[in-house]
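**Q** My questions will all concern the structure given below.
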Amino acid sequence: MSYIKMQVFDLGGTWIRAANISNEGKFGSIIKEPTEEDFIGQIKKISGQLTLSTEERNHLDYIVVATPGPVRDGMLLSAPPLGLKNSLDLKKELASLVTGKSTEIIVENDLNAAVLAELHEGYGKQWNNFYLLTLSTGIGAGIVLNGKSVKGGEFGHSPINPLEYPDQRCSCGRTNCWSAYASGKGIESLIKKIYPKYETIEEVCKAYKKEEAARTIINIANNANAQGLAMMINALEVEGIVIMGSLGLHQYNLLIPSNIEIEEYAINSIPEIVKTKLGDTIGLLGAYYRAIS
Ligand SMILES: [Zn+2]
C-alpha cells in the first residue's frame, strides 16, 4: 500500500514549489505559488494544503526544505534572494509541522539538492565531471567531480568586467559581481536604470527584437554570462555545463552566449552546454534525493 513518506518544498526567491511524495517515490500534485515575504507562514499554509490524513501526518518520515543560501545544521545562515541577511533556524520555525515522533525536518541548500537530482536522474548518468549552473534570482554553480558533488561554486559573486554600467551593486553588497549583471535581481536593477518603462525581465526579453534599450540590457547580461561561463571553464575541465533556474531554462536563447562569445574569455576548450532535462521541478526532486540518500 502506498502512503505519504515526505513533503518536499523548493523555496526560491520568486516561486515556492511543494509536493507530497509517496513511499514509492511518486510525486503528488505540485503546488506552485509566488514566494511571500512571510515564507515560513507560507510553508506552513502549503503543508496544510498538501492534504494528509492525521495518520499520514503522524507518520511522515521527512519534511525537506530546499532553500537558497548557505545552510549549516538546519540553520539558514543568510539568503539574499529571500531578503534574509541574518541566520534563521528554519528547523525550529517549522517544528509545529511535526506531529508524529519519527518525522525529521531537513533543510538543504537548493543547489546541493538540485545536484543530487541531476546526479541520479539527469546528466550525472553520462558525465562524471560537470557543473550545474543556476541562472535564477541569483547565480551559482554546483560542481561534480569524479561523480561526487564538491563544495564551492559561488562564481556568481566573482567580479567581471561589464560591457556597460560599471560598479553595479550586487545583492551581496559588493560591486561588479557576475550576478549584478545577469541574475534576476541584477537584470531587474539594470531595467530600473536603463529601461524603467518595463517591469519584468519577460517584458524586456519580448521587446528584444524591436527596442534598442531592451537589446542593451540583454547584451549586458549575455556578455556577463560569457565571462562567467569562461571563468568556470578556465577553473576546471569538465565534460559539460548543465543549465537550470527560471532564467536559464526559459530565456536560454537570449541569455546563454554562443561558444564563439565564450571563447573570447576562455583558455580551455568549451564543453557541451545544455539545459537540464529535469525542468523546474529539479529542486523538489533534489529534496527527495537529499532525504533518501
Ligand atoms: Zn555578489
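Quick note on naming: the chains in the C-alpha cells go A, B, ... in the order shown, residues restart at 1 in each chain, and ligands are numbered from 1 in order of appearance.
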Would you mind listing the residues within 12 Å of ligand 1, counting only C-alpha atoms and all ligand atoms, as a PyMOL selection string?
**A** chain A and resi 80-81+138-140+154-160+167-183+185-186
**Q** Keeping only N, CA, C and O atoms, write the selected residues as a compact mmCIF listing (two decimals), in the first residue's frame.
**A**
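Below is the file that was written, part_15.txt:
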# COMPACT_ATOMS: atom_id res chain seq x y z
N PRO A 80 20.14 36.07 0.47
CA PRO A 80 19.78 37.33 -0.21
C PRO A 80 18.53 37.21 -1.11
O PRO A 80 17.70 38.11 -1.08
N PRO A 81 18.34 36.08 -1.87
CA PRO A 81 17.14 36.02 -2.70
C PRO A 81 15.84 36.06 -1.88
O PRO A 81 14.79 36.42 -2.41
N GLY A 138 19.34 34.41 -8.26
CA GLY A 138 20.78 34.53 -8.09
C GLY A 138 21.51 33.63 -9.08
O GLY A 138 20.88 32.96 -9.90
N ILE A 139 22.85 33.62 -8.98
CA ILE A 139 23.67 32.75 -9.85
C ILE A 139 24.63 31.95 -8.99
O ILE A 139 25.27 32.50 -8.09
N GLY A 140 24.71 30.66 -9.24
CA GLY A 140 25.68 29.83 -8.53
C GLY A 140 25.82 28.52 -9.27
O GLY A 140 24.98 28.19 -10.12
N GLU A 154 30.54 29.47 -5.88
CA GLU A 154 29.91 30.81 -5.79
C GLU A 154 30.47 31.74 -6.88
O GLU A 154 30.86 32.87 -6.61
N PHE A 155 30.47 31.23 -8.10
CA PHE A 155 31.01 32.03 -9.21
C PHE A 155 30.22 33.33 -9.42
O PHE A 155 30.75 34.31 -9.90
N GLY A 156 28.94 33.29 -9.07
CA GLY A 156 28.08 34.47 -9.28
C GLY A 156 28.56 35.70 -8.54
O GLY A 156 28.21 36.81 -8.89
N HIS A 157 29.37 35.49 -7.50
CA HIS A 157 29.87 36.65 -6.73
C HIS A 157 31.34 36.91 -6.99
O HIS A 157 32.04 37.53 -6.18
N SER A 158 31.83 36.42 -8.15
CA SER A 158 33.16 36.84 -8.59
C SER A 158 32.98 38.00 -9.56
O SER A 158 32.00 38.05 -10.30
N PRO A 159 33.93 38.93 -9.53
CA PRO A 159 33.75 40.12 -10.37
C PRO A 159 33.98 39.85 -11.85
O PRO A 159 34.77 38.98 -12.22
N ILE A 160 33.28 40.57 -12.67
CA ILE A 160 33.50 40.54 -14.12
C ILE A 160 33.77 41.98 -14.57
O ILE A 160 33.74 42.90 -13.77
N ASP A 167 30.33 49.20 -11.75
CA ASP A 167 30.06 49.48 -10.33
C ASP A 167 28.61 49.25 -9.94
O ASP A 167 28.07 49.89 -9.04
N GLN A 168 27.97 48.35 -10.65
CA GLN A 168 26.60 47.97 -10.30
C GLN A 168 26.64 47.13 -9.02
O GLN A 168 27.42 46.19 -8.91
N ARG A 169 25.79 47.51 -8.04
CA ARG A 169 25.83 46.81 -6.75
C ARG A 169 25.09 45.48 -6.81
O ARG A 169 24.04 45.36 -7.43
N CYS A 170 25.67 44.48 -6.15
CA CYS A 170 25.09 43.13 -6.11
C CYS A 170 24.31 42.96 -4.81
O CYS A 170 24.53 43.68 -3.84
N SER A 171 23.44 41.95 -4.78
CA SER A 171 22.67 41.71 -3.55
C SER A 171 23.57 41.31 -2.37
O SER A 171 23.18 41.41 -1.22
N CYS A 172 24.83 40.90 -2.67
CA CYS A 172 25.76 40.53 -1.59
C CYS A 172 26.46 41.76 -1.01
O CYS A 172 27.21 41.65 -0.04
N GLY A 173 26.22 42.93 -1.62
CA GLY A 173 26.80 44.16 -1.09
C GLY A 173 28.04 44.61 -1.85
O GLY A 173 28.48 45.74 -1.71
N ARG A 174 28.63 43.71 -2.66
CA ARG A 174 29.83 44.08 -3.43
C ARG A 174 29.39 44.65 -4.79
O ARG A 174 28.22 44.64 -5.13
N THR A 175 30.37 45.11 -5.54
CA THR A 175 30.03 45.63 -6.88
C THR A 175 30.70 44.79 -7.95
O THR A 175 31.69 44.10 -7.69
N ASN A 176 30.13 44.86 -9.16
CA ASN A 176 30.67 44.21 -10.36
C ASN A 176 30.65 42.68 -10.31
O ASN A 176 31.34 42.03 -11.07
N CYS A 177 29.88 42.09 -9.40
CA CYS A 177 29.72 40.64 -9.41
C CYS A 177 29.03 40.23 -10.73
O CYS A 177 28.21 40.99 -11.27
N TRP A 178 29.31 39.02 -11.19
CA TRP A 178 28.59 38.44 -12.34
C TRP A 178 27.08 38.55 -12.08
O TRP A 178 26.32 38.98 -12.95
N SER A 179 26.64 38.21 -10.86
CA SER A 179 25.21 38.27 -10.52
C SER A 179 24.61 39.66 -10.67
O SER A 179 23.42 39.80 -10.96
N ALA A 180 25.42 40.69 -10.45
CA ALA A 180 24.90 42.05 -10.51
C ALA A 180 24.45 42.42 -11.92
O ALA A 180 23.72 43.38 -12.13
N TYR A 181 24.88 41.63 -12.93
CA TYR A 181 24.55 41.93 -14.33
C TYR A 181 23.69 40.87 -15.00
O TYR A 181 23.13 41.11 -16.06
N ALA A 182 23.60 39.69 -14.41
CA ALA A 182 22.91 38.62 -15.16
C ALA A 182 21.94 37.79 -14.32
O ALA A 182 21.20 36.99 -14.89
N SER A 183 21.92 37.98 -13.01
CA SER A 183 20.91 37.25 -12.21
C SER A 183 19.57 37.98 -12.36
O SER A 183 19.52 39.11 -12.87
N LYS A 185 17.84 39.38 -10.05
CA LYS A 185 17.92 40.64 -9.30
C LYS A 185 18.76 41.67 -10.05
O LYS A 185 18.43 42.85 -10.09
N GLY A 186 19.87 41.20 -10.63
CA GLY A 186 20.78 42.10 -11.36
C GLY A 186 20.09 42.70 -12.58
O GLY A 186 20.15 43.92 -12.81
**Q** Select from range 133-237 of chain A everything DSSP, run on the backbone, classes as alpha helix (DSSP H), then give the selection as a PyMOL selection string.
**A** chain A and resi 179-182+184-194+201-206+212-235
**Q** Just the selected residues (C-alpha atoms), exported as a compact mmCIF listing (two decimals), in the first residue's frame, please.
**A**
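To be explicit, this is the file written out as part_0.txt:
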# COMPACT_ATOMS: atom_id res chain seq x y z
CA SER A 179 25.21 38.27 -10.52
CA ALA A 180 24.90 42.05 -10.51
CA TYR A 181 24.55 41.93 -14.33
CA ALA A 182 22.91 38.62 -15.16
CA GLY A 184 17.19 38.01 -11.94
CA LYS A 185 17.92 40.64 -9.30
CA GLY A 186 20.78 42.10 -11.36
CA ILE A 187 18.76 42.33 -14.58
CA GLU A 188 15.84 43.90 -12.70
CA SER A 189 18.12 46.60 -11.37
CA LEU A 190 19.50 47.21 -14.89
CA ILE A 191 15.92 47.57 -16.12
CA LYS A 192 15.26 50.26 -13.48
CA LYS A 193 18.34 52.17 -14.63
CA ILE A 194 18.12 51.76 -18.38
CA ILE A 201 12.55 40.51 -17.44
CA GLU A 202 9.95 38.72 -19.61
CA GLU A 203 8.78 42.09 -21.00
CA VAL A 204 12.34 43.08 -21.82
CA CYS A 205 13.02 39.74 -23.50
CA LYS A 206 9.88 40.16 -25.59
CA GLU A 212 17.31 49.24 -28.53
CA ALA A 213 17.18 49.63 -24.72
CA ALA A 214 15.95 46.04 -24.32
CA ARG A 215 18.83 44.87 -26.51
CA THR A 216 21.30 46.82 -24.36
CA ILE A 217 20.10 45.06 -21.20
CA ILE A 218 20.09 41.60 -22.76
CA ASN A 219 23.53 42.16 -24.31
CA ILE A 220 24.99 43.21 -20.95
CA ALA A 221 23.54 40.09 -19.28
CA ASN A 222 24.56 37.79 -22.14
CA ASN A 223 28.12 39.15 -22.09
CA ALA A 224 28.28 38.78 -18.28
CA ASN A 225 27.24 35.15 -18.77
CA ALA A 226 30.01 34.69 -21.38
CA GLN A 227 32.57 35.98 -18.86
CA GLY A 228 31.12 33.93 -16.01
CA LEU A 229 30.93 30.71 -18.03
CA ALA A 230 34.51 31.28 -19.21
CA MET A 231 35.60 31.72 -15.58
CA MET A 232 34.04 28.32 -14.77
CA ILE A 233 35.57 26.68 -17.86
CA ASN A 234 39.01 28.08 -17.01
CA ALA A 235 38.74 26.81 -13.43
**Q** Leaving out range 241-248 of chain A and any residue of its chain fewer than 3 positions from it, which residues lie within 7 Å of it when counting only C-alpha atoms, given as a ChimeraX atom specification?
**A** /A:130-136,251-252,271-276
**Q** Kindly assemble as a tab-separated table a list of the range 31-116 of chain A residues that lie within 7 Å of range 3-24 of chain A, each paired with its nearest atom pair and their distance in Å to one decimal, using only C-alpha atoms, sorted first by chain and then by ascending residue number.
**A**
residue	atom	partner	partner_atom	distance
A:Ile31	CA	A:Ala18	CA	5.2
A:Lys32	CA	A:Arg17	CA	4.4
A:Glu33	CA	A:Ile16	CA	5.4
A:Pro34	CA	A:Trp15	CA	4.4
A:Thr35	CA	A:Trp15	CA	4.9
A:Leu50	CA	A:Asn20	CA	6.6
A:Glu56	CA	A:Ile4	CA	6.3
A:Leu60	CA	A:Lys5	CA	5.3
A:Asp61	CA	A:Lys5	CA	5.4
A:Tyr62	CA	A:Met6	CA	4.7
A:Ile63	CA	A:Gln7	CA	4.9
A:Val64	CA	A:Val8	CA	4.8
A:Val65	CA	A:Phe9	CA	4.7
A:Ala66	CA	A:Asp10	CA	4.9
A:Thr67	CA	A:Leu11	CA	5.0
A:Pro68	CA	A:Gly12	CA	6.5
A:Pro81	CA	A:Gly13	CA	4.6
A:Leu82	CA	A:Gly13	CA	5.1
**Q** Given the selection you just returned, output its residues as a file containing all heavy atoms, formatted as a short mmCIF file (atom, residue, chain, number, x, y, z; two decimals), in the first residue's frame.
**A**
data_model
loop_
_atom_site.label_atom_id
_atom_site.label_comp_id
_atom_site.auth_asym_id
_atom_site.auth_seq_id
_atom_site.Cartn_x
_atom_site.Cartn_y
_atom_site.Cartn_z
N ILE A 31 2.22 22.08 -5.86
CA ILE A 31 1.70 23.43 -5.61
C ILE A 31 2.81 24.42 -5.94
O ILE A 31 3.97 24.24 -5.54
CB ILE A 31 1.27 23.60 -4.13
CG1 ILE A 31 0.02 22.75 -3.85
CG2 ILE A 31 1.00 25.07 -3.80
CD1 ILE A 31 -0.50 22.85 -2.42
N LYS A 32 2.49 25.45 -6.73
CA LYS A 32 3.47 26.48 -7.06
C LYS A 32 2.84 27.84 -6.80
O LYS A 32 1.76 28.12 -7.30
CB LYS A 32 3.86 26.37 -8.53
CG LYS A 32 4.82 27.43 -9.02
CD LYS A 32 5.03 27.34 -10.52
CE LYS A 32 5.72 28.59 -11.04
NZ LYS A 32 5.77 28.65 -12.50
N GLU A 33 3.49 28.65 -5.99
CA GLU A 33 2.96 29.98 -5.65
C GLU A 33 4.10 30.99 -5.64
O GLU A 33 5.24 30.62 -5.35
CB GLU A 33 2.40 29.99 -4.20
CG GLU A 33 1.18 29.17 -3.98
CD GLU A 33 0.69 29.27 -2.53
OE1 GLU A 33 1.34 29.95 -1.70
OE2 GLU A 33 -0.36 28.67 -2.24
N PRO A 34 3.81 32.28 -5.90
CA PRO A 34 4.85 33.31 -5.70
C PRO A 34 5.28 33.32 -4.22
O PRO A 34 4.43 33.20 -3.34
CB PRO A 34 4.16 34.62 -6.07
CG PRO A 34 2.93 34.24 -6.81
CD PRO A 34 2.53 32.87 -6.35
N THR A 35 6.58 33.43 -3.99
CA THR A 35 7.06 33.42 -2.60
C THR A 35 6.62 34.68 -1.88
O THR A 35 6.76 35.79 -2.39
CB THR A 35 8.61 33.34 -2.59
OG1 THR A 35 8.99 32.23 -3.38
CG2 THR A 35 9.15 33.18 -1.18
N LEU A 50 -1.37 20.56 1.14
CA LEU A 50 -0.96 19.26 0.60
C LEU A 50 -1.61 18.21 1.50
O LEU A 50 -1.00 17.71 2.43
CB LEU A 50 0.56 19.11 0.66
CG LEU A 50 1.40 20.01 -0.25
CD1 LEU A 50 2.86 19.93 0.15
CD2 LEU A 50 1.23 19.61 -1.70
N GLU A 56 -1.43 9.95 8.34
CA GLU A 56 -0.27 10.17 7.44
C GLU A 56 0.67 11.23 8.01
O GLU A 56 1.88 11.09 7.98
CB GLU A 56 -0.76 10.61 6.05
CG GLU A 56 -1.22 9.45 5.19
CD GLU A 56 -1.82 9.90 3.87
OE1 GLU A 56 -2.48 10.97 3.84
OE2 GLU A 56 -1.66 9.19 2.88
N LEU A 60 4.79 10.82 8.83
CA LEU A 60 5.70 11.35 7.81
C LEU A 60 7.13 11.02 8.21
O LEU A 60 7.52 11.19 9.37
CB LEU A 60 5.58 12.88 7.74
CG LEU A 60 4.59 13.54 6.79
CD1 LEU A 60 4.78 15.05 6.87
CD2 LEU A 60 4.76 13.06 5.37
N ASP A 61 7.95 10.57 7.24
CA ASP A 61 9.37 10.35 7.55
C ASP A 61 10.15 11.67 7.51
O ASP A 61 11.01 11.91 8.33
CB ASP A 61 9.98 9.39 6.54
CG ASP A 61 9.52 7.97 6.78
OD1 ASP A 61 9.05 7.68 7.89
OD2 ASP A 61 9.60 7.15 5.84
N TYR A 62 9.84 12.48 6.48
CA TYR A 62 10.63 13.69 6.30
C TYR A 62 9.79 14.88 5.85
O TYR A 62 8.82 14.72 5.11
CB TYR A 62 11.69 13.50 5.21
CG TYR A 62 12.63 12.35 5.43
CD1 TYR A 62 12.45 11.15 4.74
CD2 TYR A 62 13.70 12.46 6.30
CE1 TYR A 62 13.30 10.08 4.93
CE2 TYR A 62 14.56 11.40 6.50
CZ TYR A 62 14.36 10.21 5.81
OH TYR A 62 15.21 9.17 6.00
N ILE A 63 10.21 16.04 6.30
CA ILE A 63 9.80 17.31 5.68
C ILE A 63 11.10 17.94 5.21
O ILE A 63 12.01 18.17 6.02
CB ILE A 63 9.07 18.23 6.68
CG1 ILE A 63 7.74 17.59 7.10
CG2 ILE A 63 8.84 19.61 6.07
CD1 ILE A 63 7.05 18.29 8.26
N VAL A 64 11.23 18.15 3.91
CA VAL A 64 12.50 18.64 3.37
C VAL A 64 12.28 20.02 2.73
O VAL A 64 11.36 20.20 1.94
CB VAL A 64 13.06 17.69 2.28
CG1 VAL A 64 14.51 18.06 1.96
CG2 VAL A 64 12.97 16.23 2.71
N VAL A 65 13.13 20.96 3.11
CA VAL A 65 13.06 22.30 2.52
C VAL A 65 14.38 22.60 1.83
O VAL A 65 15.44 22.61 2.46
CB VAL A 65 12.79 23.38 3.60
CG1 VAL A 65 12.66 24.76 2.94
CG2 VAL A 65 11.53 23.06 4.39
N ALA A 66 14.32 22.81 0.51
CA ALA A 66 15.49 23.26 -0.24
C ALA A 66 15.40 24.78 -0.34
O ALA A 66 14.37 25.32 -0.73
CB ALA A 66 15.50 22.63 -1.63
N THR A 67 16.45 25.45 0.06
CA THR A 67 16.40 26.92 0.16
C THR A 67 17.68 27.55 -0.40
O THR A 67 18.75 26.92 -0.33
CB THR A 67 16.24 27.33 1.65
OG1 THR A 67 16.52 28.72 1.77
CG2 THR A 67 17.21 26.60 2.54
N PRO A 68 17.58 28.76 -0.96
CA PRO A 68 18.82 29.42 -1.37
C PRO A 68 19.62 29.82 -0.13
O PRO A 68 19.06 29.96 0.95
CB PRO A 68 18.34 30.65 -2.14
CG PRO A 68 16.95 30.89 -1.68
CD PRO A 68 16.40 29.58 -1.22
N PRO A 81 18.34 36.08 -1.87
CA PRO A 81 17.14 36.02 -2.70
C PRO A 81 15.84 36.06 -1.88
O PRO A 81 14.79 36.42 -2.41
CB PRO A 81 17.26 34.68 -3.43
CG PRO A 81 18.72 34.36 -3.42
CD PRO A 81 19.23 34.91 -2.12
N LEU A 82 15.91 35.71 -0.60
CA LEU A 82 14.71 35.75 0.26
C LEU A 82 14.69 37.03 1.10
O LEU A 82 13.84 37.20 1.98
CB LEU A 82 14.69 34.54 1.20
CG LEU A 82 14.61 33.15 0.55
CD1 LEU A 82 14.79 32.07 1.60
CD2 LEU A 82 13.29 32.98 -0.17
#
**Q** In Å, with one decimal, what is the gap from CA of Met75 in chain A to CA of Leu90 in chain A?
**A**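 Those two atoms sit 6.0 Å apart.
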**Q** From a backbone DSSP assignment, name each residue in range 12-44 of chain A labelled strand (DSSP E or B), as a ChimeraX atom specification.
**A** /A:15-22,27,31-34
**Q** I need the residues from that last selection saved to file as a CSV table (one decimal), in the first residue's frame (with all heavy atoms), if you can.
**A**
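Heads up, here's the output in part-v7.csv:
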chain,number,residue,atom,x,y,z
A,15,TRP,N,9.5,31.9,-6.6
A,15,TRP,CA,8.5,30.9,-6.5
A,15,TRP,C,8.8,29.9,-5.4
A,15,TRP,O,9.9,29.6,-5.1
A,15,TRP,CB,8.4,30.0,-7.8
A,15,TRP,CG,8.0,30.8,-9.0
A,15,TRP,CD1,8.8,31.2,-10.0
A,15,TRP,CD2,6.7,31.3,-9.4
A,15,TRP,NE1,8.1,31.9,-11.0
A,15,TRP,CE2,6.8,32.0,-10.6
A,15,TRP,CE3,5.4,31.2,-8.8
A,15,TRP,CZ2,5.7,32.6,-11.2
A,15,TRP,CZ3,4.4,31.9,-9.4
A,15,TRP,CH2,4.5,32.5,-10.6
A,16,ILE,N,7.7,29.4,-4.8
A,16,ILE,CA,7.8,28.3,-3.9
A,16,ILE,C,7.0,27.1,-4.5
A,16,ILE,O,5.9,27.3,-5.0
A,16,ILE,CB,7.3,28.7,-2.5
A,16,ILE,CG1,7.4,27.5,-1.5
A,16,ILE,CG2,5.9,29.2,-2.4
A,16,ILE,CD1,7.3,27.8,-0.1
A,17,ARG,N,7.7,26.0,-4.5
A,17,ARG,CA,7.0,24.8,-5.0
A,17,ARG,C,7.0,23.7,-3.9
A,17,ARG,O,7.9,23.7,-3.1
A,17,ARG,CB,7.8,24.2,-6.2
A,17,ARG,CG,7.7,25.1,-7.5
A,17,ARG,CD,8.5,24.4,-8.6
A,17,ARG,NE,8.4,25.2,-9.8
A,17,ARG,CZ,9.1,26.2,-10.1
A,17,ARG,NH1,10.0,26.7,-9.3
A,17,ARG,NH2,9.0,26.9,-11.3
A,18,ALA,N,6.0,22.9,-3.9
A,18,ALA,CA,5.9,21.9,-2.9
A,18,ALA,C,5.1,20.7,-3.4
A,18,ALA,O,4.2,20.8,-4.3
A,18,ALA,CB,5.2,22.5,-1.6
A,19,ALA,N,5.3,19.5,-2.8
A,19,ALA,CA,4.6,18.3,-3.2
A,19,ALA,C,4.7,17.3,-2.0
A,19,ALA,O,5.7,17.3,-1.3
A,19,ALA,CB,5.1,17.7,-4.5
A,20,ASN,N,3.7,16.4,-2.0
A,20,ASN,CA,3.9,15.1,-1.2
A,20,ASN,C,4.5,14.1,-2.1
A,20,ASN,O,4.3,14.0,-3.3
A,20,ASN,CB,2.5,14.6,-0.8
A,20,ASN,CG,1.8,15.5,0.2
A,20,ASN,OD1,2.5,16.1,1.0
A,20,ASN,ND2,0.5,15.4,0.3
A,21,ILE,N,5.3,13.2,-1.4
A,21,ILE,CA,5.9,12.1,-2.2
A,21,ILE,C,5.6,10.8,-1.4
A,21,ILE,O,5.8,10.7,-0.2
A,21,ILE,CB,7.4,12.3,-2.3
A,21,ILE,CG1,7.7,13.6,-3.0
A,21,ILE,CG2,8.1,11.1,-3.1
A,21,ILE,CD1,9.2,13.9,-3.3
A,22,SER,N,5.2,9.8,-2.2
A,22,SER,CA,4.8,8.5,-1.6
A,22,SER,C,6.0,7.7,-1.2
A,22,SER,O,7.1,8.0,-1.7
A,22,SER,CB,3.9,7.7,-2.5
A,22,SER,OG,4.7,7.2,-3.5
A,27,PHE,N,5.4,11.4,-7.0
A,27,PHE,CA,5.0,12.8,-6.6
A,27,PHE,C,3.5,13.0,-6.7
A,27,PHE,O,2.9,12.5,-7.6
A,27,PHE,CB,5.7,13.8,-7.6
A,27,PHE,CG,7.1,14.2,-7.2
A,27,PHE,CD1,8.1,13.2,-7.3
A,27,PHE,CD2,7.4,15.4,-6.8
A,27,PHE,CE1,9.4,13.5,-7.0
A,27,PHE,CE2,8.7,15.8,-6.5
A,27,PHE,CZ,9.7,14.8,-6.6
A,31,ILE,N,2.2,22.1,-5.9
A,31,ILE,CA,1.7,23.4,-5.6
A,31,ILE,C,2.8,24.4,-5.9
A,31,ILE,O,4.0,24.2,-5.5
A,31,ILE,CB,1.3,23.6,-4.1
A,31,ILE,CG1,0.0,22.7,-3.9
A,31,ILE,CG2,1.0,25.1,-3.8
A,31,ILE,CD1,-0.5,22.9,-2.4
A,32,LYS,N,2.5,25.4,-6.7
A,32,LYS,CA,3.5,26.5,-7.1
A,32,LYS,C,2.8,27.8,-6.8
A,32,LYS,O,1.8,28.1,-7.3
A,32,LYS,CB,3.9,26.4,-8.5
A,32,LYS,CG,4.8,27.4,-9.0
A,32,LYS,CD,5.0,27.3,-10.5
A,32,LYS,CE,5.7,28.6,-11.0
A,32,LYS,NZ,5.8,28.7,-12.5
A,33,GLU,N,3.5,28.7,-6.0
A,33,GLU,CA,3.0,30.0,-5.6
A,33,GLU,C,4.1,31.0,-5.6
A,33,GLU,O,5.2,30.6,-5.3
A,33,GLU,CB,2.4,30.0,-4.2
A,33,GLU,CG,1.2,29.2,-4.0
A,33,GLU,CD,0.7,29.3,-2.5
A,33,GLU,OE1,1.3,30.0,-1.7
A,33,GLU,OE2,-0.4,28.7,-2.2
A,34,PRO,N,3.8,32.3,-5.9
A,34,PRO,CA,4.8,33.3,-5.7
A,34,PRO,C,5.3,33.3,-4.2
A,34,PRO,O,4.4,33.2,-3.3
A,34,PRO,CB,4.2,34.6,-6.1
A,34,PRO,CG,2.9,34.2,-6.8
A,34,PRO,CD,2.5,32.9,-6.3
